[in-house]
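Notes follow the structure.
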Amino acid sequence: MSEVLLQAPEIHCDQCKTSIEGAVGIIDGVQSVEVGIADATVRVAYDDARVELGSIKKAIEAQGYAVFG
Ligand SMILES: [Cu+2]
């Protein structure tokens with residue numbers, strides 16, 4: 001299991017949180033995802049044998065957010 005803390009500076013409200021957590025949470029191999037609105041972060045715990053970090057980042061980008069880290 002891996003855990004990563006990504007930065008997505010465009011996160012600013014509950015709707016951002018809902019859409020990102022929804023998009024990442026349905027990915028096979030993702031154990032948990034939590035968006036921090038105040039610090040514009042996405043904390044993800046995932047099974048790196050089942051999903052690559054790049055796929056997680058792409059899911060966030062597909063929601064319209066640049067993502068770093
Ligand atoms: Cu928002």
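Chain labels run A, B, ... following the order of the structure tokens; each chain numbers its residues from 1, and ligands are numbered from 1 in the order shown.
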Please extract the residues of chain A with a backbone DSSP assignment of alpha helix (DSSP H) and present them as a PDB file with C-alpha atoms, in the first residue's frame.
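The file below, selection03.pdb, is the result:
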```pdb
ATOM      1  CA  ASP A  14     -17.073  21.350  -1.269  1.00  0.00           C
ATOM      2  CA  GLN A  15     -17.980  20.705  -4.874  1.00  0.00           C
ATOM      3  CA  CYS A  16     -14.316  20.273  -5.763  1.00  0.00           C
ATOM      4  CA  LYS A  17     -13.986  17.864  -2.862  1.00  0.00           C
ATOM      5  CA  THR A  18     -17.024  15.851  -3.931  1.00  0.00           C
ATOM      6  CA  SER A  19     -16.035  15.551  -7.570  1.00  0.00           C
ATOM      7  CA  ILE A  20     -12.416  14.614  -6.925  1.00  0.00           C
ATOM      8  CA  GLU A  21     -13.187  12.168  -4.141  1.00  0.00           C
ATOM      9  CA  GLY A  22     -15.847  10.580  -6.335  1.00  0.00           C
ATOM     10  CA  ALA A  23     -13.611  10.257  -9.380  1.00  0.00           C
ATOM     11  CA  VAL A  24     -10.638   8.864  -7.475  1.00  0.00           C
ATOM     12  CA  GLY A  25     -12.639   6.755  -5.055  1.00  0.00           C
ATOM     13  CA  LEU A  53      -0.109   6.932  -9.450  1.00  0.00           C
ATOM     14  CA  GLY A  54      -0.346   8.263 -13.016  1.00  0.00           C
ATOM     15  CA  SER A  55      -3.857   6.863 -13.348  1.00  0.00           C
ATOM     16  CA  ILE A  56      -4.906   8.588 -10.143  1.00  0.00           C
ATOM     17  CA  LYS A  57      -3.479  11.890 -11.340  1.00  0.00           C
ATOM     18  CA  LYS A  58      -5.246  11.519 -14.684  1.00  0.00           C
ATOM     19  CA  ALA A  59      -8.585  11.012 -12.918  1.00  0.00           C
ATOM     20  CA  ILE A  60      -8.053  14.278 -11.040  1.00  0.00           C
ATOM     21  CA  GLU A  61      -7.012  16.089 -14.212  1.00  0.00           C
ATOM     22  CA  ALA A  62     -10.103  14.730 -15.966  1.00  0.00           C
TER      23      ALA A  62
END
```
Q. So which residues touch Glu10 in chain A within 8 Å, counting only C-alpha atoms, skipping near sequence neighbours fewer than 6 positions away, as a PyMOL selection string?
A. chain A and resi 40+65-66
Report task. From a DSSP calculation on the backbone, collect every residue of chain A in strand (DSSP E or B) and output the set as a VMD selection string. Result -> chain A and resid 2 to 7 30 to 36 41 to 46 68
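For the residues A:Asp48, A:Val4, A:Val35, A:Cys13, ranking by smallest atom-to-atom distance to ligand 1 using only C-alpha atoms and all ligand atoms places A:Cys13 first.
Here CA of Leu6 in chain A stands at a distance of 8.0 Å from CA of Val44 in chain A.
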Expressed in Å, the length from CA of Ile27 in chain A to CA of Tyr46 in chain A is 9.4 Å
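Closest approach to ligand 1 among A:Ile11, A:Asp28, A:Val51, A:Gly69: A:Ile11, based on only C-alpha atoms and all ligand atoms.
Take the candidates A:Ile26, A:Val33, A:Ala38, A:Ala49 and check each one against ligand 1 using only C-alpha atoms and all ligand atoms; the shortest distance goes to A:Ala38.
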